[in-house]
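Below: run-v6.pdb (PDB, C-alpha atoms)
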```
MODEL        1
ATOM      1  CA  MET B 156       0.000   0.000   0.000  1.00  0.00           C
ATOM      2  CA  ASP B 157       2.957   2.360   0.471  1.00  0.00           C
ATOM      3  CA  ASN B 158       3.429   4.514  -2.616  1.00  0.00           C
ATOM      4  CA  PRO B 159       5.933   7.371  -2.986  1.00  0.00           C
ATOM      5  CA  GLU B 160       3.401   9.244  -5.124  1.00  0.00           C
ATOM      6  CA  PHE B 161       0.970   9.222  -2.205  1.00  0.00           C
ATOM      7  CA  PRO B 162       2.882   9.839   1.019  1.00  0.00           C
ATOM      8  CA  PHE B 163      -0.406  10.239   2.899  1.00  0.00           C
ATOM      9  CA  ILE B 164      -2.719   7.203   2.983  1.00  0.00           C
ATOM     10  CA  VAL B 165      -6.094   6.682   4.652  1.00  0.00           C
ATOM     11  CA  ASP B 166      -7.317   3.120   5.119  1.00  0.00           C
ATOM     12  CA  VAL B 167     -10.431   1.675   6.731  1.00  0.00           C
ATOM     13  CA  ALA B 168     -10.779  -1.747   8.336  1.00  0.00           C
ATOM     14  CA  LEU B 169     -14.474  -2.539   8.105  1.00  0.00           C
ATOM     15  CA  LEU B 170     -14.003  -5.035  10.946  1.00  0.00           C
ATOM     16  CA  PRO B 171     -11.156  -5.673  13.395  1.00  0.00           C
ATOM     17  CA  SER B 172     -10.611  -9.039  11.699  1.00  0.00           C
ATOM     18  CA  ALA B 173      -9.580  -7.156   8.535  1.00  0.00           C
ATOM     19  CA  ILE B 174      -6.524  -5.706  10.268  1.00  0.00           C
ATOM     20  CA  ASN B 175      -3.078  -7.046   9.496  1.00  0.00           C
ATOM     21  CA  SER B 176      -1.601  -6.224  12.885  1.00  0.00           C
ATOM     22  CA  THR B 177       1.954  -6.698  11.621  1.00  0.00           C
ATOM     23  CA  LYS B 178       1.473  -3.677   9.351  1.00  0.00           C
ATOM     24  CA  LEU B 179       0.218  -1.292  12.035  1.00  0.00           C
ATOM     25  CA  ALA B 180       3.704  -0.239  13.104  1.00  0.00           C
ATOM     26  CA  GLY B 181       4.204   3.420  12.263  1.00  0.00           C
ATOM     27  CA  GLN B 182       0.480   4.016  11.871  1.00  0.00           C
ATOM     28  CA  THR B 183      -2.076   6.053  13.745  1.00  0.00           C
ATOM     29  CA  VAL B 184      -5.267   4.097  14.305  1.00  0.00           C
ATOM     30  CA  VAL B 185      -8.720   5.472  15.069  1.00  0.00           C
ATOM     31  CA  VAL B 186     -11.027   2.989  16.780  1.00  0.00           C
ATOM     32  CA  VAL B 187     -14.764   3.604  16.428  1.00  0.00           C
ATOM     33  CA  ASP B 188     -17.810   1.943  17.937  1.00  0.00           C
ATOM     34  CA  VAL B 189     -20.490   4.577  17.438  1.00  0.00           C
ATOM     35  CA  LEU B 190     -23.155   2.478  19.188  1.00  0.00           C
ATOM     36  CA  ARG B 191     -21.835   2.774  21.804  1.00  0.00           C
ATOM     37  CA  ALA B 192     -18.399   2.201  23.338  1.00  0.00           C
ATOM     38  CA  THR B 193     -16.369   5.014  21.807  1.00  0.00           C
ATOM     39  CA  THR B 194     -19.250   7.485  22.165  1.00  0.00           C
ATOM     40  CA  THR B 195     -19.453   6.526  25.834  1.00  0.00           C
ATOM     41  CA  ILE B 196     -15.699   6.917  26.331  1.00  0.00           C
ATOM     42  CA  VAL B 197     -15.614  10.397  24.815  1.00  0.00           C
ATOM     43  CA  ASN B 198     -18.603  11.496  26.898  1.00  0.00           C
ATOM     44  CA  ALA B 199     -17.285   9.994  30.150  1.00  0.00           C
ATOM     45  CA  LEU B 200     -13.951  11.804  29.783  1.00  0.00           C
ATOM     46  CA  GLU B 201     -15.792  15.019  28.918  1.00  0.00           C
ATOM     47  CA  HIS B 202     -17.665  14.777  32.215  1.00  0.00           C
ATOM     48  CA  GLY B 203     -14.631  14.420  34.442  1.00  0.00           C
ATOM     49  CA  CYS B 204     -13.577  10.781  34.249  1.00  0.00           C
ATOM     50  CA  PRO B 205      -9.760  10.948  34.549  1.00  0.00           C
ATOM     51  CA  GLN B 206      -9.074   7.735  32.639  1.00  0.00           C
ATOM     52  CA  VAL B 207     -10.786   4.755  31.060  1.00  0.00           C
ATOM     53  CA  PHE B 208      -9.271   1.278  31.182  1.00  0.00           C
ATOM     54  CA  PRO B 209     -10.709  -0.780  28.291  1.00  0.00           C
ATOM     55  CA  GLN B 210     -10.964  -4.496  28.944  1.00  0.00           C
ATOM     56  CA  PRO B 211     -11.734  -7.274  26.448  1.00  0.00           C
ATOM     57  CA  GLY B 212     -13.944  -9.292  28.786  1.00  0.00           C
ATOM     58  CA  ILE B 213     -16.018  -9.308  31.950  1.00  0.00           C
ATOM     59  CA  ASP B 214     -13.605 -11.422  33.974  1.00  0.00           C
ATOM     60  CA  GLN B 215     -10.673  -9.200  33.015  1.00  0.00           C
ATOM     61  CA  ALA B 216     -12.664  -6.120  34.015  1.00  0.00           C
ATOM     62  CA  LYS B 217     -13.527  -7.549  37.428  1.00  0.00           C
ATOM     63  CA  ALA B 218      -9.939  -8.657  38.068  1.00  0.00           C
ATOM     64  CA  PHE B 219      -8.595  -5.240  37.074  1.00  0.00           C
ATOM     65  CA  HIS B 220     -11.187  -3.460  39.210  1.00  0.00           C
ATOM     66  CA  ALA B 221      -9.966  -5.435  42.224  1.00  0.00           C
ATOM     67  CA  THR B 222      -6.577  -3.721  41.856  1.00  0.00           C
ATOM     68  CA  MET B 223      -8.027  -0.210  41.627  1.00  0.00           C
ATOM     69  CA  PRO B 224      -9.168   2.300  44.254  1.00  0.00           C
ATOM     70  CA  GLU B 225     -12.672   1.821  45.612  1.00  0.00           C
ATOM     71  CA  THR B 226     -13.794   4.992  43.863  1.00  0.00           C
ATOM     72  CA  SER B 227     -13.290   3.412  40.424  1.00  0.00           C
ATOM     73  CA  ILE B 228     -16.284   1.891  38.714  1.00  0.00           C
ATOM     74  CA  MET B 229     -16.951  -0.925  36.273  1.00  0.00           C
ATOM     75  CA  GLY B 230     -19.042  -0.207  33.199  1.00  0.00           C
ATOM     76  CA  GLY B 231     -20.055  -2.299  30.265  1.00  0.00           C
ATOM     77  CA  GLU B 232     -22.612  -4.515  28.607  1.00  0.00           C
ATOM     78  CA  ARG B 233     -23.421  -7.811  27.067  1.00  0.00           C
ATOM     79  CA  ASN B 234     -26.187  -7.881  24.467  1.00  0.00           C
ATOM     80  CA  GLY B 235     -26.675  -4.177  25.154  1.00  0.00           C
ATOM     81  CA  LYS B 236     -27.555  -4.635  28.823  1.00  0.00           C
ATOM     82  CA  ILE B 237     -25.564  -3.838  31.958  1.00  0.00           C
ATOM     83  CA  VAL B 238     -23.426  -6.706  33.216  1.00  0.00           C
ATOM     84  CA  ASP B 239     -24.446  -8.221  36.558  1.00  0.00           C
ATOM     85  CA  GLY B 240     -22.190  -6.812  39.268  1.00  0.00           C
ATOM     86  CA  PHE B 241     -21.131  -3.779  37.232  1.00  0.00           C
ATOM     87  CA  HIS B 242     -21.860  -0.254  38.418  1.00  0.00           C
ATOM     88  CA  GLN B 243     -22.884   1.166  35.028  1.00  0.00           C
ATOM     89  CA  GLY B 244     -23.836  -0.019  31.581  1.00  0.00           C
ATOM     90  CA  ASN B 245     -22.593   1.235  28.229  1.00  0.00           C
ATOM     91  CA  SER B 246     -24.998   4.121  27.704  1.00  0.00           C
ATOM     92  CA  PRO B 247     -23.162   7.421  27.147  1.00  0.00           C
ATOM     93  CA  LEU B 248     -26.048   9.155  28.908  1.00  0.00           C
ATOM     94  CA  GLU B 249     -25.243   7.332  32.155  1.00  0.00           C
ATOM     95  CA  TYR B 250     -21.871   9.041  32.392  1.00  0.00           C
ATOM     96  CA  THR B 251     -22.874  12.396  33.812  1.00  0.00           C
ATOM     97  CA  SER B 252     -20.595  14.540  35.955  1.00  0.00           C
ATOM     98  CA  GLU B 253     -22.421  13.294  39.037  1.00  0.00           C
ATOM     99  CA  ALA B 254     -21.748   9.686  38.099  1.00  0.00           C
ATOM    100  CA  ILE B 255     -18.170   9.804  36.820  1.00  0.00           C
ATOM    101  CA  ASP B 256     -16.348  13.005  37.774  1.00  0.00           C
ATOM    102  CA  GLY B 257     -13.030  12.054  39.411  1.00  0.00           C
ATOM    103  CA  ARG B 258     -13.673   8.322  39.096  1.00  0.00           C
ATOM    104  CA  SER B 259     -11.731   5.966  36.834  1.00  0.00           C
ATOM    105  CA  LEU B 260     -13.780   3.714  34.575  1.00  0.00           C
ATOM    106  CA  ILE B 261     -13.013   0.093  33.771  1.00  0.00           C
ATOM    107  CA  LEU B 262     -15.011  -0.579  30.608  1.00  0.00           C
ATOM    108  CA  ALA B 263     -15.803  -3.926  28.966  1.00  0.00           C
ATOM    109  CA  THR B 264     -18.091  -3.993  25.942  1.00  0.00           C
ATOM    110  CA  THR B 265     -19.024  -6.607  23.375  1.00  0.00           C
ATOM    111  CA  ASN B 266     -17.350  -4.914  20.423  1.00  0.00           C
ATOM    112  CA  GLY B 267     -15.493  -1.648  21.012  1.00  0.00           C
ATOM    113  CA  THR B 268     -13.089  -2.567  23.784  1.00  0.00           C
ATOM    114  CA  VAL B 269     -12.418  -5.889  22.044  1.00  0.00           C
ATOM    115  CA  ALA B 270     -11.528  -4.056  18.818  1.00  0.00           C
ATOM    116  CA  MET B 271      -8.892  -2.050  20.676  1.00  0.00           C
ATOM    117  CA  GLU B 272      -7.032  -5.254  21.429  1.00  0.00           C
ATOM    118  CA  SER B 273      -6.325  -5.606  17.700  1.00  0.00           C
ATOM    119  CA  CYS B 274      -4.432  -2.311  17.632  1.00  0.00           C
ATOM    120  CA  ARG B 275      -1.580  -2.922  20.057  1.00  0.00           C
ATOM    121  CA  ALA B 276       1.082  -2.733  17.321  1.00  0.00           C
ATOM    122  CA  ALA B 277       0.101   0.791  16.215  1.00  0.00           C
ATOM    123  CA  ASP B 278       2.094   3.894  17.077  1.00  0.00           C
ATOM    124  CA  ARG B 279      -0.970   5.779  18.308  1.00  0.00           C
ATOM    125  CA  VAL B 280      -4.582   4.796  18.954  1.00  0.00           C
ATOM    126  CA  LEU B 281      -7.238   7.527  19.020  1.00  0.00           C
ATOM    127  CA  ILE B 282     -10.880   7.145  20.024  1.00  0.00           C
ATOM    128  CA  GLY B 283     -13.443   8.444  17.552  1.00  0.00           C
ATOM    129  CA  ALA B 284     -17.207   8.883  17.385  1.00  0.00           C
ATOM    130  CA  MET B 285     -19.647  11.074  15.507  1.00  0.00           C
ATOM    131  CA  ILE B 286     -19.694  13.433  18.475  1.00  0.00           C
ATOM    132  CA  ASN B 287     -15.974  14.310  18.092  1.00  0.00           C
ATOM    133  CA  VAL B 288     -15.251  13.472  14.431  1.00  0.00           C
ATOM    134  CA  SER B 289     -13.906  16.870  13.325  1.00  0.00           C
ATOM    135  CA  ALA B 290     -11.607  17.106  16.338  1.00  0.00           C
ATOM    136  CA  VAL B 291     -10.191  13.689  15.437  1.00  0.00           C
ATOM    137  CA  ALA B 292      -9.700  14.775  11.816  1.00  0.00           C
ATOM    138  CA  LYS B 293      -7.630  17.771  12.941  1.00  0.00           C
ATOM    139  CA  GLU B 294      -5.308  15.413  14.812  1.00  0.00           C
ATOM    140  CA  LEU B 295      -4.694  13.449  11.604  1.00  0.00           C
ATOM    141  CA  VAL B 296      -3.995  16.126   9.018  1.00  0.00           C
ATOM    142  CA  ASP B 297      -0.210  15.629   9.094  1.00  0.00           C
ATOM    143  CA  VAL B 298      -0.152  11.896   9.895  1.00  0.00           C
ATOM    144  CA  PRO B 299       1.259   9.919   6.934  1.00  0.00           C
ATOM    145  CA  ARG B 300      -0.705   6.711   7.482  1.00  0.00           C
ATOM    146  CA  VAL B 301      -4.118   6.448   9.138  1.00  0.00           C
ATOM    147  CA  THR B 302      -6.273   3.361   9.594  1.00  0.00           C
ATOM    148  CA  VAL B 303      -9.834   3.633  10.892  1.00  0.00           C
ATOM    149  CA  VAL B 304     -10.890   0.446  12.679  1.00  0.00           C
ATOM    150  CA  CYS B 305     -14.646  -0.178  12.724  1.00  0.00           C
ATOM    151  CA  SER B 306     -15.686  -2.359  15.663  1.00  0.00           C
ATOM    152  CA  GLY B 307     -18.810  -3.791  14.052  1.00  0.00           C
ATOM    153  CA  THR B 308     -21.492  -5.712  15.921  1.00  0.00           C
ATOM    154  CA  ASP B 309     -21.071  -9.381  16.747  1.00  0.00           C
ATOM    155  CA  ARG B 310     -18.317  -9.694  14.101  1.00  0.00           C
ATOM    156  CA  LEU B 311     -20.519  -8.194  11.382  1.00  0.00           C
ATOM    157  CA  ILE B 312     -20.048  -4.867   9.608  1.00  0.00           C
ATOM    158  CA  THR B 313     -22.251  -2.047  10.908  1.00  0.00           C
ATOM    159  CA  SER B 314     -23.262   0.961   8.845  1.00  0.00           C
ATOM    160  CA  GLU B 315     -22.920   3.471  11.673  1.00  0.00           C
ATOM    161  CA  ASP B 316     -19.204   2.726  12.071  1.00  0.00           C
ATOM    162  CA  VAL B 317     -18.670   2.835   8.309  1.00  0.00           C
ATOM    163  CA  ILE B 318     -20.479   6.190   8.154  1.00  0.00           C
ATOM    164  CA  PHE B 319     -18.114   7.557  10.784  1.00  0.00           C
ATOM    165  CA  ALA B 320     -15.127   6.274   8.814  1.00  0.00           C
ATOM    166  CA  GLY B 321     -16.447   7.942   5.671  1.00  0.00           C
ATOM    167  CA  LEU B 322     -17.141  11.259   7.367  1.00  0.00           C
ATOM    168  CA  LEU B 323     -13.732  11.244   9.034  1.00  0.00           C
ATOM    169  CA  THR B 324     -12.075  10.513   5.685  1.00  0.00           C
ATOM    170  CA  GLU B 325     -13.966  13.372   4.055  1.00  0.00           C
ATOM    171  CA  ARG B 326     -12.988  15.774   6.828  1.00  0.00           C
ATOM    172  CA  ILE B 327      -9.318  14.790   6.563  1.00  0.00           C
ATOM    173  CA  LEU B 328      -9.372  15.380   2.803  1.00  0.00           C
ATOM    174  CA  GLU B 329     -11.039  18.767   3.241  1.00  0.00           C
ATOM    175  CA  LEU B 330      -8.474  19.895   5.800  1.00  0.00           C
ATOM    176  CA  ARG B 331      -5.541  18.701   3.720  1.00  0.00           C
ATOM    177  CA  ASP B 332      -6.899  20.300   0.563  1.00  0.00           C
ATOM    178  CA  ALA B 333      -7.401  23.600   2.401  1.00  0.00           C
ATOM    179  CA  ALA B 334      -3.779  23.449   3.590  1.00  0.00           C
ATOM    180  CA  GLY B 335      -2.452  22.679   0.104  1.00  0.00           C
ATOM    181  CA  ALA B 336      -1.015  19.401   1.365  1.00  0.00           C
ATOM    182  CA  GLU B 337       0.423  16.528  -0.643  1.00  0.00           C
ATOM    183  CA  PRO B 338      -1.893  14.145  -2.556  1.00  0.00           C
ATOM    184  CA  THR B 339      -3.873  11.730  -0.427  1.00  0.00           C
ATOM    185  CA  LYS B 340      -4.386   8.075  -1.315  1.00  0.00           C
ATOM    186  CA  LEU B 341      -7.574   6.343  -0.207  1.00  0.00           C
ATOM    187  CA  THR B 342      -7.718   2.563  -0.089  1.00  0.00           C
ATOM    188  CA  ASP B 343     -10.772   0.855  -1.558  1.00  0.00           C
ATOM    189  CA  PRO B 344     -12.460   0.418   1.863  1.00  0.00           C
ATOM    190  CA  ALA B 345     -11.850   4.109   2.650  1.00  0.00           C
ATOM    191  CA  THR B 346     -13.420   5.093  -0.665  1.00  0.00           C
ATOM    192  CA  ILE B 347     -16.405   2.814  -0.008  1.00  0.00           C
ATOM    193  CA  ALA B 348     -16.855   4.325   3.459  1.00  0.00           C
ATOM    194  CA  MET B 349     -16.749   7.876   2.135  1.00  0.00           C
ATOM    195  CA  HIS B 350     -19.338   7.131  -0.545  1.00  0.00           C
ATOM    196  CA  HIS B 351     -21.548   5.518   2.104  1.00  0.00           C
ATOM    197  CA  TRP B 352     -21.329   8.679   4.222  1.00  0.00           C
ATOM    198  CA  ARG B 353     -22.023  10.956   1.252  1.00  0.00           C
ATOM    199  CA  THR B 354     -25.230   9.086   0.485  1.00  0.00           C
ATOM    200  CA  ARG B 355     -26.364   9.721   4.039  1.00  0.00           C
ATOM    201  CA  LYS B 356     -25.230  13.350   3.803  1.00  0.00           C
ATOM    202  CA  ASP B 357     -27.482  13.888   0.799  1.00  0.00           C
ATOM    203  CA  GLU B 358     -30.389  12.414   2.761  1.00  0.00           C
ATOM    204  CA  ILE B 359     -29.648  14.702   5.703  1.00  0.00           C
ATOM    205  CA  ALA B 360     -29.641  17.682   3.351  1.00  0.00           C
ATOM    206  CA  SER B 361     -33.133  16.588   2.262  1.00  0.00           C
ATOM    207  CA  GLY B 362     -34.375  16.687   5.857  1.00  0.00           C
ATOM    208  CA  LYS B 363     -33.765  13.162   7.138  1.00  0.00           C
ATOM    209  CA  GLU B 364     -32.078  12.838  10.512  1.00  0.00           C
ATOM    210  CA  LEU B 365     -28.987  10.664  10.882  1.00  0.00           C
ATOM    211  CA  ALA B 366     -30.585   9.098  13.959  1.00  0.00           C
ATOM    212  CA  ASP B 367     -33.362   7.735  11.734  1.00  0.00           C
ATOM    213  CA  PHE B 368     -30.777   5.882   9.681  1.00  0.00           C
ATOM    214  CA  PHE B 369     -28.950   4.628  12.780  1.00  0.00           C
ATOM    215  CA  ARG B 370     -32.202   3.212  14.151  1.00  0.00           C
ATOM    216  CA  ASN B 371     -32.301   0.880  11.164  1.00  0.00           C
ATOM    217  CA  CYS B 372     -28.671  -0.262  11.434  1.00  0.00           C
ATOM    218  CA  ARG B 373     -27.847  -3.520  13.182  1.00  0.00           C
ATOM    219  CA  GLY B 374     -26.633  -1.836  16.368  1.00  0.00           C
ATOM    220  CA  GLY B 375     -29.454   0.697  16.393  1.00  0.00           C
ATOM    221  CA  ILE B 376     -32.149  -1.929  15.975  1.00  0.00           C
ATOM    222  CA  ASN B 377     -30.784  -3.775  19.015  1.00  0.00           C
ATOM    223  CA  LEU B 378     -30.677  -0.608  21.127  1.00  0.00           C
ATOM    224  CA  VAL B 379     -34.166   0.568  20.226  1.00  0.00           C
ATOM    225  CA  ARG B 380     -35.504  -2.897  20.982  1.00  0.00           C
ATOM    226  CA  ILE B 381     -34.161  -2.766  24.556  1.00  0.00           C
ATOM    227  CA  GLY B 382     -35.269   0.811  25.200  1.00  0.00           C
ATOM    228  CA  HIS B 383     -32.115   2.814  24.402  1.00  0.00           C
ATOM    229  CA  ASP B 384     -33.372   5.011  21.576  1.00  0.00           C
ATOM    230  CA  ALA B 385     -32.000   8.053  23.417  1.00  0.00           C
ATOM    231  CA  ASP B 386     -28.490   6.600  23.039  1.00  0.00           C
ATOM    232  CA  VAL B 387     -28.992   6.340  19.287  1.00  0.00           C
ATOM    233  CA  VAL B 388     -30.042   9.982  19.133  1.00  0.00           C
ATOM    234  CA  PHE B 389     -27.080  11.110  21.235  1.00  0.00           C
ATOM    235  CA  ALA B 390     -24.567   9.057  19.248  1.00  0.00           C
ATOM    236  CA  SER B 391     -25.855  10.454  15.935  1.00  0.00           C
ATOM    237  CA  GLN B 392     -24.890  14.025  16.824  1.00  0.00           C
ATOM    238  CA  ILE B 393     -21.953  15.405  14.847  1.00  0.00           C
ATOM    239  CA  ASP B 394     -19.212  17.525  16.465  1.00  0.00           C
ATOM    240  CA  VAL B 395     -20.878  18.302  19.787  1.00  0.00           C
ATOM    241  CA  LEU B 396     -17.603  17.603  21.634  1.00  0.00           C
ATOM    242  CA  HIS B 397     -14.004  18.487  20.810  1.00  0.00           C
ATOM    243  CA  ARG B 398     -12.032  16.067  22.967  1.00  0.00           C
ATOM    244  CA  VAL B 399      -9.792  13.477  21.269  1.00  0.00           C
ATOM    245  CA  PRO B 400      -9.116  10.623  23.696  1.00  0.00           C
ATOM    246  CA  GLU B 401      -5.950   8.604  23.148  1.00  0.00           C
ATOM    247  CA  LEU B 402      -5.176   5.084  24.294  1.00  0.00           C
ATOM    248  CA  ASP B 403      -1.827   4.923  26.036  1.00  0.00           C
ATOM    249  CA  LEU B 404      -0.365   1.698  24.730  1.00  0.00           C
ATOM    250  CA  GLU B 405       1.857   1.084  27.761  1.00  0.00           C
ATOM    251  CA  SER B 406      -0.644   1.647  30.565  1.00  0.00           C
ATOM    252  CA  TRP B 407      -3.593   0.580  28.368  1.00  0.00           C
ATOM    253  CA  SER B 408      -5.620   3.531  29.598  1.00  0.00           C
ATOM    254  CA  ILE B 409      -7.516   6.159  27.678  1.00  0.00           C
ATOM    255  CA  GLN B 410      -7.126   9.782  28.692  1.00  0.00           C
TER
ENDMDL
END
```

Could you render the structure as C-alpha cells?
Amino acid sequence: MDNPEFPFIVDVALLPSAINSTKLAGQTVVVVDVLRATTTIVNALEHGCPQVFPQPGIDQAKAFHATMPETSIMGGERNGKIVDGFHQGNSPLEYTSEAIDGRSLILATTNGTVAMESCRAADRVLIGAMINVSAVAKELVDVPRVTVVCSGTDRLITSEDVIFAGLLTERILELRDAAGAEPTKLTDPATIAMHHWRTRKDEIASGKELADFFRNCRGGINLVRIGHDADVVFASQIDVLHRVPELDLESWSIQ
C-alpha cells in the first residue's frame, strides 16, 4: 500500500478481523464503535472521568477493578444490557458529571473494547465517534498513514461505524486540501466508506435525521428494541464535543 506518489494514505478496516496487525507499526489508528463504546468513552472523559481502562472481557474487568481504588467503577454490557455486578452499563447518557467526575472507569463492551485489542502494534490509537469526528480529523492532518478500525457488531459490519469512517475521511481530505497538502491516497475500503457517508449526507440535506438511519442499522435496531433510543439519538450528533481521547499503549488507559 505504500506509494511514494501518495505519502499520505487513509485506510479503513471494516471489521477488526480485517486488520493485518503486523502492518500497524508506524500508523495512527482510530477505533470507532459509534453504538456505543467510543461514544461513551468520549462522553465519560468530557464529564470528568480521569481515565478509562478498556478491557476485552467481563472477567478481566472484574480482576482489574480489584486492583483499583474503591472509587473506580466498572461499566459495560453484554447484548446491550448492563453486566451483573457492574456499576454502570454502556450508555453514554449514564456518564454524567455526578456519576463519573473524578472516578476511573473500567469498561468492557461486546465490540469496542475488544476491537482495541487488535491495535496494540500501532504507534498511536485515538478514540473516535460522531460526536468528536472533526476534532479527530484535525489530529490526523499531518499523519502519513491512518487506519480507521470499525468495531462492528457481533463480528458483522455495521453501517454506523462505516459512516463515521467515511465522514472522518472526508474531513481529513477537506483539511488537507485547504492546507495545500500533498496528494492523499484512499484505499478501496476508505473510498467505499466515504461514498456511504455521502449518500447519508445527501439524505440529511433533504431533511432526514442521521438518527433515523442509525435506528435501522444492526446496532441501532438492538438498542431501540431494549429501550435505548436516546443513546442512538445522542450518538448520531456530529461535532458536539471536541475532545480526542488517546489510548496509552503502555498503561492501556484512555485519557

May I have the residues within 10 Å of segment 328-342 of chain B as a PyMOL selection string, using all atoms listed in the file and disregarding those fewer than 5 positions away in the same chain?
chain B and resi 156-158+160-168+289+292-293+295-297+299-302+322-323+347-349

Applied to the shown file, which residues does the PyMOL selection byres ((chain B and resi 406-410) around 8) return, written as an NGL selection string?
:B and (200 or 205-209 or 400-405)

Distance criterion (all atoms listed in the file): nearest to Arg370 of chain B out of B:Asp386, B:Asp239, B:Glu253, B:Asp357:
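Nearest to Arg370 of chain B: B:Asp386.
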
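If you measure from each of B:Ile261, B:Ile237, B:Leu170, B:Val304 to Ala218 of chain B using all atoms listed in the file, the closest one turns out to be B:Ile261.
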
Considering all atoms listed in the file, return as a list of chain:residue names whatever protein or nucleic-acid residues lie within 10 Å of Val303 of chain B, sequence-local ones (same chain, fewer than 2 positions apart) excluded.
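Within the cut-off, the hits are B:Val165, B:Asp166, B:Val167, B:Ala168, B:Leu169, B:Leu170, B:Pro171, B:Ile174, B:Thr183, B:Val184, B:Val185, B:Val186, B:Val187, B:Val280, B:Leu281, B:Ile282, B:Gly283, B:Val301, B:Cys305, B:Ser306, B:Asp316, B:Val317, B:Phe319, B:Ala320, B:Gly321, B:Leu323, B:Thr324, B:Pro344, B:Ala345.
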
Fewer than 2 positions away in the same chain doesn't count, so skip those; otherwise give me all residues within 12 Å of Val238 of chain B, counting all atoms listed in the file, as a PDB file with C-alpha atoms, keeping the file's coordinate frame.
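Writing the result to part24.pdb gives the following:
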```pdb
ATOM      1  CA  GLY B 212     -13.944  -9.292  28.786  1.00  0.00           C
ATOM      2  CA  ILE B 213     -16.018  -9.308  31.950  1.00  0.00           C
ATOM      3  CA  ASP B 214     -13.605 -11.422  33.974  1.00  0.00           C
ATOM      4  CA  ALA B 216     -12.664  -6.120  34.015  1.00  0.00           C
ATOM      5  CA  LYS B 217     -13.527  -7.549  37.428  1.00  0.00           C
ATOM      6  CA  MET B 229     -16.951  -0.925  36.273  1.00  0.00           C
ATOM      7  CA  GLY B 230     -19.042  -0.207  33.199  1.00  0.00           C
ATOM      8  CA  GLY B 231     -20.055  -2.299  30.265  1.00  0.00           C
ATOM      9  CA  GLU B 232     -22.612  -4.515  28.607  1.00  0.00           C
ATOM     10  CA  ARG B 233     -23.421  -7.811  27.067  1.00  0.00           C
ATOM     11  CA  ASN B 234     -26.187  -7.881  24.467  1.00  0.00           C
ATOM     12  CA  GLY B 235     -26.675  -4.177  25.154  1.00  0.00           C
ATOM     13  CA  LYS B 236     -27.555  -4.635  28.823  1.00  0.00           C
ATOM     14  CA  GLY B 240     -22.190  -6.812  39.268  1.00  0.00           C
ATOM     15  CA  PHE B 241     -21.131  -3.779  37.232  1.00  0.00           C
ATOM     16  CA  HIS B 242     -21.860  -0.254  38.418  1.00  0.00           C
ATOM     17  CA  GLN B 243     -22.884   1.166  35.028  1.00  0.00           C
ATOM     18  CA  GLY B 244     -23.836  -0.019  31.581  1.00  0.00           C
ATOM     19  CA  ASN B 245     -22.593   1.235  28.229  1.00  0.00           C
ATOM     20  CA  LEU B 262     -15.011  -0.579  30.608  1.00  0.00           C
ATOM     21  CA  ALA B 263     -15.803  -3.926  28.966  1.00  0.00           C
ATOM     22  CA  THR B 264     -18.091  -3.993  25.942  1.00  0.00           C
ATOM     23  CA  THR B 265     -19.024  -6.607  23.375  1.00  0.00           C
TER      24      THR B 265
END
```

What lies within 8 Å of Tyr250 of chain B using all atoms listed in the file, ignoring chain neighbours under 5 positions off, as a PDB file with C-alpha atoms, in the coordinates of the input?
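Wrote part-v5.pdb, looks like this:
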```
ATOM      1  CA  THR B 195     -19.453   6.526  25.834  1.00  0.00           C
ATOM      2  CA  ASN B 198     -18.603  11.496  26.898  1.00  0.00           C
ATOM      3  CA  ALA B 199     -17.285   9.994  30.150  1.00  0.00           C
ATOM      4  CA  HIS B 202     -17.665  14.777  32.215  1.00  0.00           C
ATOM      5  CA  ILE B 255     -18.170   9.804  36.820  1.00  0.00           C
TER       6      ILE B 255
END
```

Between atom CA of Asn287 of chain B and atom CA of His397 of chain B, what distance in Å does the model show, to one decimal?
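Answer for the atom CA of Asn287 of chain B to atom CA of His397 of chain B separation: 5.4 Å.
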
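Picked out by the PyMOL selection byres ((chain B and resi 384) around 12) when it runs on this file: Leu190, Arg191, Gly235, Ser246, Pro247, Leu248, Ala366, Asp367, Phe369, Arg370, Asn371, Gly374, Gly375, Ile376, Asn377, Leu378, Val379, Arg380, Ile381, Gly382, His383, Ala385, Asp386, Val387, Val388, Phe389, Ala390 and Ser391 of chain B.
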
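From atom CA of Ala192 of chain B back to atom CA of Thr313 of chain B, the distance works out to 13.7 Å.
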
Give me, please, the distance in Å between atom CA of Glu201 of chain B and atom CA of Val291 of chain B, quoted to one decimal.
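A separation of 14.7 Å between them.
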